[in-house]
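One file, my_file24.cif, carrying mmCIF, C-alpha atoms and all ligand atoms:
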data_entry
#
loop_
_atom_site.label_atom_id
_atom_site.label_comp_id
_atom_site.auth_asym_id
_atom_site.auth_seq_id
_atom_site.Cartn_x
_atom_site.Cartn_y
_atom_site.Cartn_z
CA MET F 1445 -149.70 -115.26 85.77
CA ILE F 1446 -147.37 -117.38 87.93
CA LYS F 1447 -143.78 -116.28 88.45
CA LEU F 1448 -141.92 -119.59 88.67
CA GLY F 1449 -138.54 -119.23 90.36
CA VAL F 1450 -136.09 -121.97 89.38
CA LEU F 1451 -133.27 -122.94 91.73
CA GLY F 1452 -131.13 -125.48 89.89
CA VAL F 1453 -131.34 -124.73 86.18
CA GLY F 1454 -130.17 -128.15 85.00
CA ASP F 1455 -130.97 -130.73 82.41
CA LEU F 1456 -134.45 -131.57 83.71
CA THR F 1457 -135.66 -128.12 84.74
CA GLU F 1458 -134.53 -126.68 81.40
CA LYS F 1459 -136.77 -129.20 79.62
CA MET F 1460 -139.62 -128.35 82.01
CA ILE F 1461 -139.27 -124.63 81.34
CA ARG F 1462 -139.18 -125.19 77.58
CA GLY F 1463 -142.21 -127.50 77.81
CA LEU F 1464 -144.21 -125.03 79.89
CA HIS F 1465 -143.39 -122.25 77.43
CA ARG F 1466 -144.33 -124.54 74.53
CA SER F 1467 -147.66 -125.44 76.19
CA GLY F 1468 -148.71 -121.80 76.07
CA SER F 1469 -148.63 -121.48 79.87
CA ASP F 1470 -148.63 -117.86 80.98
CA ALA F 1471 -145.99 -118.66 83.64
CA THR F 1472 -142.89 -116.46 83.63
CA PHE F 1473 -139.53 -117.87 84.69
CA LEU F 1474 -137.03 -116.38 87.12
CA LEU F 1475 -133.76 -118.26 86.91
CA SER F 1476 -130.90 -118.84 89.30
CA PRO F 1477 -127.72 -117.52 87.69
CA ARG F 1478 -125.56 -120.46 88.81
CA SER F 1479 -125.78 -122.45 85.58
CA ARG F 1480 -125.13 -119.30 83.61
CA ALA F 1481 -124.72 -120.66 80.06
CA ARG F 1482 -127.92 -122.71 80.28
CA ALA F 1483 -129.85 -119.89 81.96
CA GLU F 1484 -128.65 -117.37 79.37
CA SER F 1485 -129.66 -119.60 76.52
CA LEU F 1486 -133.13 -119.98 78.08
CA ALA F 1487 -133.32 -116.23 78.59
CA ASN F 1488 -132.44 -115.68 74.91
CA ASP F 1489 -134.74 -118.38 73.55
CA ILE F 1490 -137.89 -117.81 75.56
CA GLY F 1491 -137.41 -114.63 77.51
CA CYS F 1492 -136.73 -115.98 81.01
CA THR F 1493 -135.35 -113.52 83.55
CA LEU F 1494 -131.87 -114.22 84.85
CA MET F 1495 -131.76 -113.14 88.50
CA ARG F 1496 -128.77 -111.83 90.44
CA ASP F 1497 -128.67 -114.67 92.95
CA ASN F 1498 -130.76 -117.47 94.44
CA GLN F 1499 -132.23 -115.28 97.18
CA GLN F 1500 -133.52 -112.80 94.60
CA VAL F 1501 -135.22 -115.73 92.81
CA ALA F 1502 -136.84 -116.84 96.07
CA ASP F 1503 -137.97 -113.30 96.94
CA ALA F 1504 -139.53 -112.50 93.57
CA ALA F 1505 -141.19 -115.85 92.79
CA ASP F 1506 -144.78 -116.97 93.45
CA VAL F 1507 -143.71 -120.64 93.31
CA VAL F 1508 -140.21 -122.09 93.68
CA LEU F 1509 -139.08 -125.08 91.60
CA ILE F 1510 -136.07 -126.93 92.99
CA GLY F 1511 -134.03 -128.88 90.45
CA VAL F 1512 -130.65 -129.51 92.08
CA ARG F 1513 -129.18 -132.97 92.56
CA PRO F 1514 -129.94 -134.70 95.90
CA GLY F 1515 -126.42 -134.11 97.21
CA GLN F 1516 -126.71 -130.35 96.46
CA LEU F 1517 -129.97 -129.82 98.34
CA GLY F 1518 -128.51 -129.25 101.80
CA GLU F 1519 -126.22 -126.48 100.55
CA LEU F 1520 -129.10 -124.81 98.71
CA ALA F 1521 -131.31 -124.95 101.81
CA GLN F 1522 -128.59 -123.24 103.88
CA GLU F 1523 -128.17 -120.56 101.23
CA ILE F 1524 -131.74 -119.23 100.90
CA SER F 1525 -134.69 -118.29 102.99
CA LEU F 1526 -138.14 -118.69 101.44
CA LYS F 1527 -141.06 -116.30 101.99
CA PRO F 1528 -143.67 -117.69 104.38
CA GLY F 1529 -146.37 -119.59 102.50
CA ILE F 1530 -144.59 -119.76 99.14
CA PRO F 1531 -145.26 -123.17 97.56
CA LEU F 1532 -142.34 -125.37 96.61
CA ILE F 1533 -142.06 -127.94 93.84
CA SER F 1534 -139.18 -130.41 94.04
CA VAL F 1535 -138.01 -132.74 91.27
CA VAL F 1536 -135.16 -133.98 93.46
CA SER F 1537 -135.22 -137.79 93.55
CA GLY F 1538 -135.53 -139.60 96.86
CA VAL F 1539 -136.16 -136.62 99.17
CA PRO F 1540 -139.52 -136.87 100.96
CA VAL F 1541 -141.87 -133.97 101.65
CA GLY F 1542 -141.10 -134.13 105.38
CA ASP F 1543 -137.43 -133.44 104.69
CA LEU F 1544 -138.18 -130.64 102.25
CA GLN F 1545 -140.35 -129.03 104.91
CA ARG F 1546 -137.63 -129.37 107.54
CA MET F 1547 -135.00 -127.97 105.21
CA PHE F 1548 -136.98 -125.12 103.66
CA GLY F 1549 -139.53 -124.37 106.38
CA ALA F 1550 -143.04 -125.78 106.79
CA ARG F 1551 -144.90 -124.98 103.62
CA GLU F 1552 -146.86 -126.57 100.80
CA CYS F 1553 -144.42 -128.95 99.10
CA THR F 1554 -145.10 -130.88 95.93
CA ARG F 1555 -142.88 -133.60 94.54
CA ALA F 1556 -142.81 -134.16 90.80
CA MET F 1557 -141.03 -136.76 88.69
CA LEU F 1558 -140.65 -136.21 84.98
CA SER F 1559 -138.50 -137.18 82.05
CA LEU F 1560 -136.70 -135.19 79.37
CA ALA F 1561 -139.82 -135.49 77.19
CA ALA F 1562 -141.22 -132.67 79.35
CA GLU F 1563 -139.59 -130.50 76.67
CA ILE F 1564 -142.22 -131.66 74.17
CA ASN F 1565 -145.06 -132.06 76.70
CA ARG F 1566 -144.89 -135.86 76.44
CA SER F 1567 -143.36 -136.78 79.80
CA THR F 1568 -144.95 -138.96 82.43
CA VAL F 1569 -145.75 -136.40 85.15
CA ALA F 1570 -145.88 -138.09 88.55
CA VAL F 1571 -147.12 -135.71 91.24
CA TYR F 1572 -147.39 -136.13 95.00
CA PRO F 1573 -149.62 -135.29 96.76
CA ALA F 1574 -152.41 -136.04 94.32
CA ASP F 1575 -154.40 -132.98 95.36
CA SER F 1576 -151.47 -130.56 95.02
CA ALA F 1577 -152.48 -127.11 93.82
CA MET F 1578 -149.39 -127.30 91.55
CA ALA F 1579 -150.75 -130.28 89.59
CA PRO F 1580 -152.44 -128.23 86.84
CA LEU F 1581 -149.19 -126.36 86.13
CA LEU F 1582 -147.11 -129.56 86.01
CA THR F 1583 -149.49 -131.69 84.01
CA ALA F 1584 -149.11 -129.36 81.03
CA LEU F 1585 -145.83 -131.27 80.60
CA GLY F 1586 -147.40 -134.60 79.69
CA ASN F 1587 -149.39 -137.53 81.04
CA PRO F 1588 -150.39 -136.99 84.68
CA VAL F 1589 -150.01 -139.70 87.31
CA LEU F 1590 -151.31 -138.18 90.54
CA LEU F 1591 -150.22 -140.18 93.58
CA ALA F 1592 -151.89 -140.41 96.96
CA THR F 1593 -148.91 -141.76 98.93
CA GLU F 1594 -145.20 -141.07 98.98
CA ARG F 1595 -144.48 -144.81 98.58
CA GLU F 1596 -146.35 -144.70 95.28
CA PHE F 1597 -144.31 -141.66 94.32
CA GLU F 1598 -141.08 -143.61 94.93
CA LEU F 1599 -142.47 -146.40 92.76
CA ALA F 1600 -143.10 -143.81 90.06
CA THR F 1601 -139.45 -142.78 90.46
CA VAL F 1602 -138.52 -146.36 89.51
CA GLY F 1603 -140.69 -145.73 86.44
CA ALA F 1604 -138.58 -142.67 85.66
CA CYS F 1605 -135.45 -144.84 85.86
CA MET F 1606 -137.07 -147.38 83.51
CA ASN F 1607 -137.54 -144.51 81.09
CA GLY F 1608 -133.76 -143.97 81.18
CA TRP F 1609 -133.07 -147.69 80.75
CA PHE F 1610 -135.33 -147.85 77.70
CA TYR F 1611 -132.89 -145.56 75.87
CA PHE F 1612 -130.03 -147.99 76.47
CA LEU F 1613 -132.13 -150.98 75.43
CA LEU F 1614 -133.28 -149.22 72.26
CA HIS F 1615 -129.70 -148.17 71.52
CA ASP F 1616 -128.45 -151.75 71.88
CA LEU F 1617 -131.19 -153.04 69.60
CA GLN F 1618 -130.43 -150.34 67.05
CA GLN F 1619 -126.74 -151.27 67.18
CA TRP F 1620 -127.56 -154.92 66.54
CA PHE F 1621 -129.23 -153.92 63.28
CA VAL F 1622 -126.33 -151.63 62.39
CA GLN F 1623 -123.83 -154.43 62.98
CA LYS F 1624 -125.88 -156.58 60.62
CA GLY F 1625 -125.55 -153.90 57.93
CA PHE F 1626 -128.49 -151.56 58.40
CA ALA F 1627 -127.94 -147.82 57.96
CA PRO F 1628 -128.17 -146.19 61.44
CA ASP F 1629 -131.21 -144.10 60.47
CA ASP F 1630 -133.08 -147.12 59.15
CA ALA F 1631 -132.14 -149.12 62.26
CA ARG F 1632 -133.34 -146.26 64.47
CA GLN F 1633 -136.61 -146.05 62.55
CA LEU F 1634 -137.16 -149.79 62.80
CA VAL F 1635 -136.59 -149.90 66.57
CA LEU F 1636 -138.52 -146.74 67.46
CA SER F 1637 -141.39 -147.60 65.18
CA GLY F 1638 -141.58 -151.07 66.75
CA VAL F 1639 -141.97 -149.53 70.20
CA GLU F 1640 -144.45 -146.87 69.02
CA ASP F 1641 -146.52 -149.57 67.36
CA CYS F 1642 -146.56 -151.66 70.55
CA VAL F 1643 -147.51 -148.67 72.74
CA ALA F 1644 -150.23 -147.50 70.34
CA TYR F 1645 -151.78 -150.95 70.07
CA SER F 1646 -151.66 -151.52 73.85
CA ARG F 1647 -153.48 -148.23 74.34
CA TYR F 1648 -155.99 -149.12 71.64
CA LYS F 1649 -156.62 -152.53 73.23
CA ALA F 1650 -157.11 -151.03 76.68
CA SER F 1651 -159.36 -153.86 77.81
CA SER F 1652 -156.68 -156.53 77.07
CA GLY F 1653 -153.72 -157.15 79.35
CA ILE F 1654 -150.38 -156.19 77.78
CA GLY F 1655 -149.09 -159.74 78.41
CA GLU F 1656 -152.23 -161.09 76.77
CA ILE F 1657 -151.46 -159.17 73.58
CA GLY F 1658 -147.87 -160.48 73.71
CA SER F 1659 -149.09 -164.05 74.13
CA SER F 1660 -151.38 -163.67 71.13
CA ILE F 1661 -148.25 -162.88 69.08
CA ALA F 1662 -145.79 -165.36 70.62
CA THR F 1663 -147.87 -168.44 69.93
CA PRO F 1664 -146.05 -171.81 70.07
CA GLY F 1665 -143.62 -172.43 67.25
CA THR F 1666 -143.40 -168.79 66.11
CA TYR F 1667 -140.07 -167.02 65.75
CA THR F 1668 -141.31 -164.55 68.42
CA ALA F 1669 -141.82 -167.44 70.85
CA GLN F 1670 -138.37 -168.85 70.05
CA GLY F 1671 -136.73 -165.51 70.79
CA LEU F 1672 -138.77 -165.13 73.97
CA ASP F 1673 -137.47 -168.51 75.17
CA VAL F 1674 -133.90 -167.25 74.71
CA LEU F 1675 -134.70 -164.06 76.63
CA GLU F 1676 -136.23 -166.05 79.47
CA ARG F 1677 -133.35 -168.54 79.55
CA LEU F 1678 -130.84 -165.71 79.81
CA GLY F 1679 -132.88 -163.88 82.46
CA GLY F 1680 -133.63 -160.85 80.28
CA ASN F 1681 -136.92 -159.94 81.96
CA ALA F 1682 -135.72 -161.05 85.41
CA ALA F 1683 -132.79 -158.63 85.12
CA TRP F 1684 -135.19 -155.71 84.55
CA LYS F 1685 -137.19 -156.66 87.64
CA ALA F 1686 -133.99 -156.93 89.68
CA ALA F 1687 -132.97 -153.43 88.57
CA CYS F 1688 -136.39 -152.09 89.61
CA GLU F 1689 -136.10 -153.77 93.03
CA HIS F 1690 -132.62 -152.38 93.53
CA VAL F 1691 -133.67 -148.79 92.82
CA PHE F 1692 -136.85 -149.06 94.89
CA GLU F 1693 -134.86 -150.42 97.84
CA GLN F 1694 -132.41 -147.53 97.57
CA LEU F 1695 -135.22 -144.98 97.42
CA THR F 1696 -137.16 -146.38 100.36
CA ALA F 1697 -134.03 -146.96 102.46
CA LYS F 1698 -133.24 -143.29 101.91
CA GLU F 1699 -136.77 -142.39 102.95
CA HIS F 1700 -136.22 -144.22 106.25
CA ASP F 1701 -132.88 -142.47 106.74
CA HIS F 1702 -134.56 -139.15 106.05
CA SER F 1703 -137.40 -139.70 108.47
CA ASP F 1704 -135.00 -141.02 111.12
CA SER F 1705 -132.60 -138.12 111.06
CA ASN F 1706 -132.70 -134.70 109.55
CA SER F 1707 -128.97 -134.19 109.99
CA LYS F 1708 -128.39 -137.31 107.96
CA SER F 1709 -130.56 -135.90 105.15
CA ARG F 1710 -128.49 -132.73 105.08
CA ARG F 1711 -125.40 -134.78 104.36
CA GLU F 1712 -126.97 -136.17 101.14
N1 LIG N 1 -132.38 -135.53 84.25
C1 LIG N 1 -133.42 -136.33 84.40
O1 LIG N 1 -133.87 -136.98 83.44
C2 LIG N 1 -134.12 -136.45 85.73
C3 LIG N 1 -135.27 -137.23 85.78
C4 LIG N 1 -135.95 -137.33 86.98
C5 LIG N 1 -135.48 -136.65 88.09
N2 LIG N 1 -134.34 -135.91 88.03
C6 LIG N 1 -133.92 -135.21 89.25
O2 LIG N 1 -133.78 -133.85 88.90
C7 LIG N 1 -132.71 -133.26 89.64
C8 LIG N 1 -131.77 -132.59 88.67
O3 LIG N 1 -131.27 -133.53 87.75
P1 LIG N 1 -130.53 -133.03 86.45
O4 LIG N 1 -130.22 -134.23 85.66
O5 LIG N 1 -131.32 -131.93 85.83
O6 LIG N 1 -129.20 -132.46 87.13
P2 LIG N 1 -128.24 -131.30 86.65
O7 LIG N 1 -128.29 -131.18 85.16
O8 LIG N 1 -126.92 -131.52 87.30
O9 LIG N 1 -128.92 -130.01 87.23
C9 LIG N 1 -128.76 -129.53 88.54
C10 LIG N 1 -128.43 -128.06 88.42
O10 LIG N 1 -128.53 -127.46 89.70
C11 LIG N 1 -127.45 -126.54 89.84
N3 LIG N 1 -127.20 -126.24 91.25
C12 LIG N 1 -126.58 -127.00 92.16
N4 LIG N 1 -126.56 -126.37 93.37
C13 LIG N 1 -127.16 -125.19 93.19
C14 LIG N 1 -127.42 -124.09 94.03
N5 LIG N 1 -127.05 -124.05 95.33
N6 LIG N 1 -128.07 -123.02 93.52
C15 LIG N 1 -128.45 -123.01 92.21
N7 LIG N 1 -128.22 -124.02 91.36
C16 LIG N 1 -127.58 -125.10 91.83
C17 LIG N 1 -126.31 -127.29 89.19
O11 LIG N 1 -125.23 -126.41 88.92
P3 LIG N 1 -123.72 -127.03 88.91
O12 LIG N 1 -123.64 -127.82 87.64
O13 LIG N 1 -122.88 -125.81 88.95
O14 LIG N 1 -123.58 -127.89 90.13
C18 LIG N 1 -127.00 -127.81 87.93
O15 LIG N 1 -127.04 -126.85 86.90
C19 LIG N 1 -132.03 -134.37 90.40
O16 LIG N 1 -132.34 -134.26 91.75
C20 LIG N 1 -132.59 -135.64 89.81
O17 LIG N 1 -132.77 -136.59 90.81
C21 LIG N 1 -133.67 -135.79 86.87
#
Rendering of file as structure tokens:
Amino acid sequence: MIKLGVLGVGDLTEKMIRGLHRSGSDATFLLSPRSRARAESLANDIGCTLMRDNQQVADAADVVLIGVRPGQLGELAQEISLKPGIPLISVVSGVPVGDLQRMFGARECTRAMLSLAAEINRSTVAVYPADSAMAPLLTALGNPVLLATEREFELATVGACMNGWFYFLLHDLQQWFVQKGFAPDDARQLVLSGVEDCVAYSRYKASSGIGEIGSSIATPGTYTAQGLDVLERLGGNAAWKAACEHVFEQLTAKEHDHSDSNSKSRRE
């Protein structure tokens, strides 16, 4: 039974804890008291242990999960000292393993990138390094993507941002239907079902390219093709690619900063 110590009980780590509990994992959870209301509600709902302070979490845990925001990492690193050899899992975006090791002491560090669907064990679970001993614990939270290089992990982080953007796109599409007179629940059903249908069929047709399936629908003269022309003319798809490039550049620029200077990384 793993005692998972959680430093940074926030939106994402809460979902991870709930998902691990839901998966039937025998892990127990030792929580930092800083986000007291959230930690107390987890303690009430699934029996997590609320610790006195961060150091007590670090001392009692078998594995430490770090879930603070990037700019809060330096302060956390100054605050605690980890037992030699204790493995660390970080879900902090844009902070490479080398920096985690400098900040928290040389040890086994695993980076993970997930979404809120970890709560229902349906998240993409990107893990670096691919052979991390923590992978079996994390992949209970959804669909594993085990990555051999840190560059690939940053690319997967762009995927996590896409996941966030999908919500805004789906919301806008839902609102279009609502403005045209649909009841919000019907509009929501129509949009979500459309995406589910597309995902399910793409998985079913695994040997066909996703674009190939699209092209078989948007044949010349169809309404689908007409709408696609409008999207292309207005740069709909190009805008998504530009957003991906922007985030990837930010993530890799940060990686260079981090590897160039540890003091810089502490300022994050
Ligand atoms: N949310 C997502 O969907 C998502 C997806 C992928 C990756 N991530 C990554 O996950 C990390 C957390 O994101 P989030 O959205 O879950 O943020 P969040 O809700 O703000 O959670 C961070 C938590 O850490 C706490 N914290 C800060 N410093 C601490 C310290 N020294 N000791 C103990 N706790 C401390 C914060 O408390 P205070 O509120 O008091 O500061 C907060 O409760 C980020 O690094 C982000 O890049 C998030």
Requested in this report: Determine, counting only C-alpha atoms, which protein, DNA and RNA residues have an atom within 10 Å of an atom of F:Lys1527; residues of the same chain fewer than 4 positions away are not included. Present the result as a VMD selection string.
Outcome: chain F and resid 1502 to 1506 1531 1548 to 1549 1551
For C-alpha atoms, I'd like the residues from the last selection saved as a PDB file, keeping the file's coordinate frame.
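Contents of selection29.pdb, as written:
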ATOM      1  CA  ALA F1502    -136.840-116.840  96.070  1.00  0.00           C
ATOM      2  CA  ASP F1503    -137.970-113.300  96.940  1.00  0.00           C
ATOM      3  CA  ALA F1504    -139.530-112.500  93.570  1.00  0.00           C
ATOM      4  CA  ALA F1505    -141.190-115.850  92.790  1.00  0.00           C
ATOM      5  CA  ASP F1506    -144.780-116.970  93.450  1.00  0.00           C
ATOM      6  CA  PRO F1531    -145.260-123.170  97.560  1.00  0.00           C
ATOM      7  CA  PHE F1548    -136.980-125.120 103.660  1.00  0.00           C
ATOM      8  CA  GLY F1549    -139.530-124.370 106.380  1.00  0.00           C
ATOM      9  CA  ARG F1551    -144.900-124.980 103.620  1.00  0.00           C
TER      10      ARG F1551
END
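Each of F:Val1535, F:Ala1562, F:Leu1464, F:Val1501 was checked against ligand LIG 1 (chain N) using all atoms listed in the file; the smallest atom-to-atom distance is that of F:Val1535.
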Query - Nearby polymer residues, ligand LIG 1 (chain N), at most 8 Å, only C-alpha atoms and all ligand atoms, as a ChimeraX atom specification - result: /F:1451-1458,1476-1479,1482,1498,1510-1514,1516-1517,1519-1521,1523,1535-1538,1557-1560,1601,1604-1605,1608
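Of the residues listed (F:Met1578, F:Ala1570, F:Met1606, F:Ala1550), F:Ala1570 shows the shortest atom-to-atom separation from F:Thr1593; distances use all atoms listed in the file.
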Requested in this report: Provide the atom CA of F:Ile1530 to atom CA of F:Asp1470 distance in Å, to one decimal place.
Outcome: 18.7 Å
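Surrounding stretch 1635-1638 of chain F within 12 Å are Phe1610, Tyr1611, Leu1613, Leu1614, His1615, Asp1616, Leu1617, Gln1618, Gln1619, Trp1620, Phe1621, Val1622, Phe1626, Pro1628, Asp1629, Asp1630, Ala1631, Arg1632, Asp1641, Cys1642, Val1643, Ala1644 and Tyr1645 of chain F, with only C-alpha atoms counted and residues fewer than 3 positions along the same chain left out.
Atom to atom, atom CA of F:Glu1693 and atom CA of F:Asn1681 stand 18.6 Å apart.
Put simply, atom CA of F:Val1450 is 17.2 Å away from atom CA of F:Arg1466.
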Query raised in the report: Hey, which of F:Gly1542, F:Ser1659, F:Lys1447, F:Leu1581 ends up closest to F:Leu1672? Count only C-alpha atoms.
Result: F:Ser1659
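Closest approach to F:Pro1580 from the set F:Ala1662, F:Ala1556, F:Trp1609, F:Ile1564 is made by F:Ala1556, with distances taken over all atoms listed in the file.
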Report task. Please provide the set of residues having any atom within 10 Å of stretch 1655-1658 of chain F, restricted to all atoms listed in the file, with same-chain residues fewer than 3 positions apart removed, written as a PyMOL selection string. Result -> chain F and resi 1642+1645-1646+1649+1652+1661-1663+1668-1669
Query raised in the report: Within 8 Å of (-146.1, -134.8, 76.4), only C-alpha atoms: residues as a PyMOL selection string?
Result: chain F and resi 1561-1568+1584-1587
Query raised in the report: For F:Leu1486, which residue among F:Gly1463, F:Gln1500, F:Glu1596, F:Ser1534 is the nearest when counting only C-alpha atoms?
Result: F:Gly1463
